[in-house]
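Engineer: Structure file coords-v4.txt (compact mmCIF, C-alpha atoms) is given on the next line.
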```txt
# COMPACT_ATOMS: atom_id res chain seq x y z
CA MET A 497 0.00 0.00 0.00
CA ASP A 498 3.05 2.31 0.20
CA ILE A 499 3.56 2.08 -3.56
CA PHE A 500 0.20 3.44 -4.72
CA THR A 501 -1.96 6.40 -3.77
CA LEU A 502 -5.64 6.44 -4.56
CA GLU A 503 -7.83 8.96 -2.76
CA VAL A 504 -11.29 10.36 -3.33
CA HIS A 505 -11.94 13.66 -1.58
CA ASP A 506 -14.21 16.66 -1.31
CA LYS A 507 -13.56 20.40 -0.83
CA THR A 508 -10.87 20.30 -3.53
CA TYR A 509 -10.59 22.75 -6.40
CA GLY A 510 -8.14 22.74 -9.32
CA ILE A 511 -5.54 20.45 -10.81
CA ASN A 512 -1.88 19.80 -10.08
CA THR A 513 0.80 17.22 -10.54
CA ARG A 514 3.74 16.57 -8.24
CA ILE A 515 6.88 14.65 -9.12
CA SER A 516 9.05 14.40 -6.04
CA PHE A 517 9.17 17.90 -4.54
CA LEU A 518 8.46 19.64 -7.86
CA GLN A 519 4.85 20.47 -8.59
CA VAL A 520 2.93 22.53 -11.05
CA GLY A 521 -0.70 23.56 -11.11
CA LEU A 522 -3.30 25.41 -9.15
CA ILE A 523 -5.12 23.49 -6.43
CA TYR A 524 -6.69 24.06 -3.06
CA GLN A 525 -7.63 21.10 -0.89
CA SER A 526 -9.25 22.24 2.35
CA GLN A 527 -8.03 21.16 5.76
CA GLU A 528 -11.63 20.07 6.41
CA SER A 529 -11.75 17.85 3.33
CA ASN A 530 -12.64 14.19 3.69
CA ASN A 531 -10.09 11.92 2.02
CA ILE A 532 -11.04 8.29 1.64
CA GLY A 533 -8.45 5.95 0.19
CA ILE A 534 -4.93 4.56 0.31
CA LYS A 535 -1.84 6.69 0.93
CA ASN A 536 1.59 5.92 2.41
CA GLY A 537 0.53 2.48 3.58
CA MET A 538 -2.62 3.67 5.35
CA PHE A 539 -6.24 3.04 4.37
CA GLY A 540 -9.37 4.88 5.48
CA ASN A 541 -10.38 8.48 6.16
CA LEU A 542 -7.04 10.28 5.90
CA ASP A 543 -5.91 13.72 7.06
CA HIS A 544 -4.35 15.11 3.89
CA HIS A 545 -4.55 18.59 2.42
CA ASN A 546 -2.52 20.93 0.27
CA PHE A 547 -2.26 24.18 -1.63
CA ASN A 548 -0.43 24.80 -4.90
CA LEU A 549 -0.02 27.98 -6.94
CA LEU A 550 2.13 27.29 -9.99
CA PHE A 551 5.37 25.93 -8.40
CA LEU A 552 4.86 27.09 -4.81
CA GLY A 553 2.70 25.57 -2.12
CA SER A 554 2.46 23.28 0.85
CA GLU A 555 1.29 19.74 1.51
CA ARG A 556 0.41 17.93 4.72
CA PHE A 557 -0.30 14.29 5.52
CA THR A 558 -0.80 13.29 9.17
CA GLY A 559 -2.34 9.82 8.91
CA LYS A 560 -5.87 8.89 9.86
CA LYS A 561 -8.24 11.81 10.33
CA ILE A 562 -9.28 12.30 13.95
CA LEU A 563 -12.98 12.99 14.34
CA GLU A 564 -13.81 16.36 15.85
CA ASN A 565 -16.99 17.22 17.70
CA SER A 566 -16.55 20.19 20.05
CA GLN A 567 -19.75 19.38 21.96
CA TYR A 568 -18.56 15.83 22.67
CA GLU A 569 -15.08 17.09 23.61
CA GLU A 570 -16.60 19.46 26.20
CA GLU A 571 -18.75 16.67 27.65
CA ILE A 572 -15.72 14.35 27.88
CA LYS A 573 -13.71 17.05 29.72
CA LYS A 574 -16.56 17.56 32.20
CA ILE A 575 -16.82 13.82 32.85
CA GLN A 576 -13.04 13.45 33.25
CA ALA A 577 -13.03 16.35 35.73
CA ARG A 578 -15.68 14.69 37.91
CA LYS A 579 -14.22 12.26 40.40
CA ASP A 580 -17.55 10.51 40.95
CA ALA A 581 -18.28 9.86 37.25
CA ASN A 582 -20.33 6.71 36.70
CA LEU A 583 -19.73 4.89 33.39
CA GLN A 584 -23.40 3.92 33.16
CA GLU A 585 -24.38 7.61 33.03
CA ILE A 586 -22.30 8.26 29.89
CA PRO A 587 -24.38 8.17 26.67
CA GLU A 588 -23.43 5.34 24.30
CA GLU A 589 -22.64 7.61 21.34
CA LEU A 590 -20.26 9.66 23.52
CA LYS A 591 -18.50 6.44 24.59
CA GLN A 592 -18.25 5.34 20.96
CA TYR A 593 -16.88 8.74 19.87
CA TYR A 594 -14.19 8.56 22.58
CA ILE A 595 -13.26 4.95 21.76
CA ASN A 596 -13.05 5.67 18.01
CA ASN A 597 -10.85 8.74 18.52
CA GLN A 598 -8.55 6.91 20.91
CA SER A 599 -8.24 4.08 18.38
CA LEU A 600 -7.39 6.51 15.54
CA LYS A 601 -4.81 8.32 17.70
CA GLN A 602 -3.25 4.99 18.66
CA GLU A 603 -3.08 3.87 15.02
CA ASN A 604 -1.38 7.16 14.03
CA GLN A 605 1.10 6.71 16.91
CA GLN A 606 1.87 3.17 15.72
CA ASN A 607 2.52 4.46 12.19
CA LEU A 608 4.73 7.34 13.37
CA PRO A 609 7.96 5.26 13.37
CA ARG A 610 7.36 4.36 9.71
CA ASN A 611 8.12 8.03 8.90
CA LYS A 612 5.33 8.46 6.31
CA PHE A 613 3.78 11.67 7.65
CA TYR A 614 4.87 15.08 6.40
CA ASP A 615 4.09 18.78 6.57
CA VAL A 616 6.21 20.45 3.91
CA TYR A 617 6.64 23.64 1.94
CA LEU A 618 7.20 23.25 -1.76
CA PRO A 619 9.10 23.57 -4.10
CA PHE A 620 11.92 22.23 -1.87
CA GLY A 621 10.03 19.80 0.36
CA THR A 622 11.24 21.52 3.53
CA LYS A 623 9.54 21.51 6.92
CA LYS A 624 10.24 25.23 7.34
CA SER A 625 9.63 28.04 4.90
CA LEU A 626 12.62 29.92 3.54
CA LYS A 627 11.40 32.99 5.43
CA GLU A 628 11.43 31.10 8.78
CA SER A 629 14.91 29.65 8.46
CA THR A 630 17.85 31.00 6.50
CA PRO A 631 19.93 27.77 6.67
CA VAL A 632 16.85 25.69 5.72
CA LEU A 633 18.65 23.96 2.84
CA LYS A 634 21.72 23.16 4.96
CA LYS A 635 20.15 20.99 7.66
CA ARG A 636 19.01 17.42 6.97
CA ASN A 637 16.19 17.46 9.56
CA ASN A 638 14.53 20.35 7.70
CA PHE A 639 13.43 18.00 4.92
CA ALA A 640 10.52 15.59 4.47
CA ASN A 641 10.92 11.81 4.69
CA SER A 642 12.80 10.02 1.89
CA SER A 643 9.75 8.40 0.32
CA PHE A 644 8.16 11.84 -0.22
CA TYR A 645 10.92 12.63 -2.73
CA THR A 646 10.20 9.58 -4.91
CA ASP A 647 6.43 10.12 -5.07
CA ILE A 648 4.50 10.99 -8.26
CA GLN A 649 0.90 12.27 -7.94
CA LEU A 650 -1.90 13.78 -9.97
CA ARG A 651 -4.70 15.59 -8.13
CA VAL A 652 -7.90 16.87 -9.75
CA GLY A 653 -10.94 18.45 -8.14
CA LEU A 654 -14.05 20.49 -8.74
CA TYR A 655 -15.40 20.26 -5.16
CA TYR A 656 -15.18 16.46 -5.41
CA GLY A 657 -11.90 15.15 -6.65
CA PHE A 658 -9.37 12.38 -6.69
CA THR A 659 -5.66 11.79 -6.29
CA ILE A 660 -3.76 9.02 -8.01
CA GLY A 661 -0.11 8.35 -7.41
CA PHE A 662 2.76 5.96 -7.79
CA ASN A 663 5.97 5.83 -5.77
CA PRO A 664 8.84 4.12 -7.64
CA GLY A 665 11.08 4.44 -4.56
CA GLU A 666 8.59 2.43 -2.51
CA LEU A 667 8.46 -0.18 -5.28
CA LEU A 668 12.25 -0.44 -5.09
CA ASP A 669 12.01 -0.65 -1.28
CA PHE A 670 9.50 -3.50 -1.65
CA LEU A 671 11.71 -5.38 -4.12
CA ALA A 672 14.75 -4.89 -1.84
CA SER A 673 12.73 -6.26 1.10
CA LEU A 674 12.44 -9.57 -0.76
CA VAL A 675 16.17 -10.04 -0.12
CA GLY A 676 16.04 -8.66 3.42
CA LEU A 677 16.88 -4.97 2.81
CA ASP A 678 14.77 -2.05 4.05
CA LEU A 679 15.79 1.06 2.08
CA TYR A 680 13.37 3.44 3.80
CA ASN A 681 13.55 1.77 7.23
CA ASP A 682 9.75 1.56 7.24
CA ASN A 683 9.02 -2.14 7.50
CA GLU A 684 6.96 -3.08 10.52
CA ARG A 685 8.84 -5.04 13.10
```
With the file now loaded, output its structure as structure tokens.

Structural biologist:
Amino acid sequence: MDIFTLEVHDKTYGINTRISFLQVGLIYQSQESNNIGIKNGMFGNLDHHNFNLLFLGSERFTGKKILENSQYEEEIKKIQARKDANLQEIPEELKQYYINNQSLKQENQQNLPRNKFYDVYLPFGTKKSLKESTPVLKKRNNFANSSFYTDIQLRVGLYYGFTIGFNPGELLDFLASLVGLDLYNDNER
């Protein structure tokens, strides 16, 4: 699932293509968009959004999308603050919301060591903008993960949209794993 990207999403407008850290196009994919599909070895409702204006932009992928309901969050805080809280008093849908969110957070934590998440500025694929850091191109930890740089994607949207992608580096990593090598150090242990 690391090799291919296939997402269907909403709240996306425009078209762009990205080969490694170089992109071209005009696209806006909202932070509130719903992304269902496969990306970087994860499947489901993903937290992925980006912006691209010609060659400049930003892209973010943080794994599974955590559900957000401010009313439920307030109720959970009130219950956690009470020392005499009785589990039978808690409504079932509030319990389910809490369990689902904890499960999604745990899954994202488990995927963190695979180094597939990123929040980058393009065209360089850096974690900091050039304005924020003058030596941004000199430090290795200012850059996205290795597999980001071998990714090829096409994104199209007119409110509803799709992303298709192929990562030749991940294909090479898969083939190398057949002989016991892990090029991206992302195999689950």

Engineer: Excluding A:Asn512 and its own-chain neighbours fewer than 6 positions away, which residues fall within 7 Å of it when counting all atoms listed in the file? Please give them as a list in words.

Structural biologist: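 Residues meeting the cut-off are Gln519, Val520, Gly521, Leu522, Ile523, Leu650, Arg651 and Val652 of chain A.
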
Engineer: Please save C-alpha atoms of the selected residues as a PDB file, in the frame of the given file.

Structural biologist:
```pdb
ATOM      1  CA  GLN A 519       4.850  20.470  -8.590  1.00  0.00           C
ATOM      2  CA  VAL A 520       2.930  22.530 -11.050  1.00  0.00           C
ATOM      3  CA  GLY A 521      -0.700  23.560 -11.110  1.00  0.00           C
ATOM      4  CA  LEU A 522      -3.300  25.410  -9.150  1.00  0.00           C
ATOM      5  CA  ILE A 523      -5.120  23.490  -6.430  1.00  0.00           C
ATOM      6  CA  LEU A 650      -1.900  13.780  -9.970  1.00  0.00           C
ATOM      7  CA  ARG A 651      -4.700  15.590  -8.130  1.00  0.00           C
ATOM      8  CA  VAL A 652      -7.900  16.870  -9.750  1.00  0.00           C
TER       9      VAL A 652
END
```

Engineer: So, counting all atoms listed in the file, which residue among A:Tyr645, A:Phe551, A:Tyr617, A:Tyr680 is closest to A:Asn663?

Structural biologist: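 Among A:Tyr645, A:Phe551, A:Tyr617, A:Tyr680, it is A:Tyr645 that comes nearest to A:Asn663.
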
Engineer: Excluding A:Thr558 and its own-chain neighbours fewer than 4 positions away, which residues fall within 8 Å of it when counting only C-alpha atoms? Please give them as a list in words.

Structural biologist: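 Near A:Thr558, the qualifying residues are Leu542, Asp543, His544, Asn604, Phe613, Tyr614 and Asp615 of chain A.
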
Engineer: Which residues come within 10 Å of A:Lys591, counting only C-alpha atoms, excluding same-chain residues fewer than 5 positions away, as a list in words?

Structural biologist: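 After dropping sequence-adjacent residues, the list is Tyr568, Ile572, Leu583, Ile586 and Asn596 of chain A.
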
Engineer: With all atoms listed in the file as the atoms that count, which of A:Leu668, A:Tyr594, A:Ser554, A:Glu528 lies nearest to A:Ala640?

Structural biologist: A:Ser554

Engineer: Identify the residues within 10 Å of coordinate (-18.2, 14.4, 16.5) (same frame as the file), considering all atoms listed in the file, and give the answer as a ChimeraX atom specification.

Structural biologist: /A:562-569,589-590,593-594,597

Engineer: Could you list, as a PyMOL selection string, every residue within 10 Å of A:Glu603, counting all atoms listed in the file and ignoring same-chain residues fewer than 5 positions away?

Structural biologist: chain A and resi 538+559-560+597-598+608

Engineer: Interatomic distance between atom CA of A:Ile515 and atom CA of A:Asn681?

Structural biologist: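 Going from atom CA of A:Ile515 over to atom CA of A:Asn681 covers 21.9 Å.
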
Engineer: Give me, please, the distance in Å between atom CA of A:Phe662 and atom CA of A:Phe500, quoted to one decimal.

Structural biologist: 4.7 Å

Engineer: What gap, in Å, lies between atom CA of A:Pro609 and atom CA of A:Gly661?

Structural biologist: 22.5 Å

Engineer: As a CSV table (one decimal) with C-alpha atoms, in the frame of the given file, please: the residues near A:Phe539 (cut-off 9 Å, all atoms listed in the file, same-chain neighbours under 6 positions excluded).

Structural biologist:
```
chain,number,residue,atom,x,y,z
A,497,MET,CA,0.0,0.0,0.0
A,532,ILE,CA,-11.0,8.3,1.6
A,533,GLY,CA,-8.4,6.0,0.2
A,560,LYS,CA,-5.9,8.9,9.9
```

Engineer: Which of these residues is nearest to A:Asn641, using only C-alpha atoms: A:Lys573, A:Gln605, A:Phe517, A:Arg578?

Structural biologist: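 Using only C-alpha atoms, A:Asn641 sits closest to A:Phe517.
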
Engineer: Within 12 Å of (13.1, 9.0, 2.6) in the file's own coordinates, which protein, DNA or RNA residues have an atom, counting all atoms listed in the file? List them as an NGL selection string.

Structural biologist: :A and (516 or 536 or 610-614 or 621 or 636-637 or 639-647 or 663 or 665-666 or 669 or 678-682)

Engineer: Please dump the current selection as a PDB file, in the frame of the given file; keep C-alpha atoms.

Structural biologist:
```pdb
ATOM      1  CA  SER A 516       9.050  14.400  -6.040  1.00  0.00           C
ATOM      2  CA  ASN A 536       1.590   5.920   2.410  1.00  0.00           C
ATOM      3  CA  ARG A 610       7.360   4.360   9.710  1.00  0.00           C
ATOM      4  CA  ASN A 611       8.120   8.030   8.900  1.00  0.00           C
ATOM      5  CA  LYS A 612       5.330   8.460   6.310  1.00  0.00           C
ATOM      6  CA  PHE A 613       3.780  11.670   7.650  1.00  0.00           C
ATOM      7  CA  TYR A 614       4.870  15.080   6.400  1.00  0.00           C
ATOM      8  CA  GLY A 621      10.030  19.800   0.360  1.00  0.00           C
ATOM      9  CA  ARG A 636      19.010  17.420   6.970  1.00  0.00           C
ATOM     10  CA  ASN A 637      16.190  17.460   9.560  1.00  0.00           C
ATOM     11  CA  PHE A 639      13.430  18.000   4.920  1.00  0.00           C
ATOM     12  CA  ALA A 640      10.520  15.590   4.470  1.00  0.00           C
ATOM     13  CA  ASN A 641      10.920  11.810   4.690  1.00  0.00           C
ATOM     14  CA  SER A 642      12.800  10.020   1.890  1.00  0.00           C
ATOM     15  CA  SER A 643       9.750   8.400   0.320  1.00  0.00           C
ATOM     16  CA  PHE A 644       8.160  11.840  -0.220  1.00  0.00           C
ATOM     17  CA  TYR A 645      10.920  12.630  -2.730  1.00  0.00           C
ATOM     18  CA  THR A 646      10.200   9.580  -4.910  1.00  0.00           C
ATOM     19  CA  ASP A 647       6.430  10.120  -5.070  1.00  0.00           C
ATOM     20  CA  ASN A 663       5.970   5.830  -5.770  1.00  0.00           C
ATOM     21  CA  GLY A 665      11.080   4.440  -4.560  1.00  0.00           C
ATOM     22  CA  GLU A 666       8.590   2.430  -2.510  1.00  0.00           C
ATOM     23  CA  ASP A 669      12.010  -0.650  -1.280  1.00  0.00           C
ATOM     24  CA  ASP A 678      14.770  -2.050   4.050  1.00  0.00           C
ATOM     25  CA  LEU A 679      15.790   1.060   2.080  1.00  0.00           C
ATOM     26  CA  TYR A 680      13.370   3.440   3.800  1.00  0.00           C
ATOM     27  CA  ASN A 681      13.550   1.770   7.230  1.00  0.00           C
ATOM     28  CA  ASP A 682       9.750   1.560   7.240  1.00  0.00           C
TER      29      ASP A 682
END
```

Engineer: Which of these residues is nearest to A:Phe557, using only C-alpha atoms: A:Tyr524, A:Val616, A:Ser673, A:Thr501?

Structural biologist: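 For A:Phe557, the nearest of the candidates is A:Val616.
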
Engineer: Using all atoms listed in the file, pick whichever of A:Asp498, A:Leu671, A:Lys561, A:Gln527 has the shortest atom-to-atom distance to A:Lys601.

Structural biologist: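 The shortest atom-to-atom distance to A:Lys601 comes from A:Lys561.
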
Engineer: Could you check which of A:Gln602, A:Gln525, A:Thr659, A:Asn531 is closest to A:Gly553, using all atoms listed in the file?

Structural biologist: A:Gln525
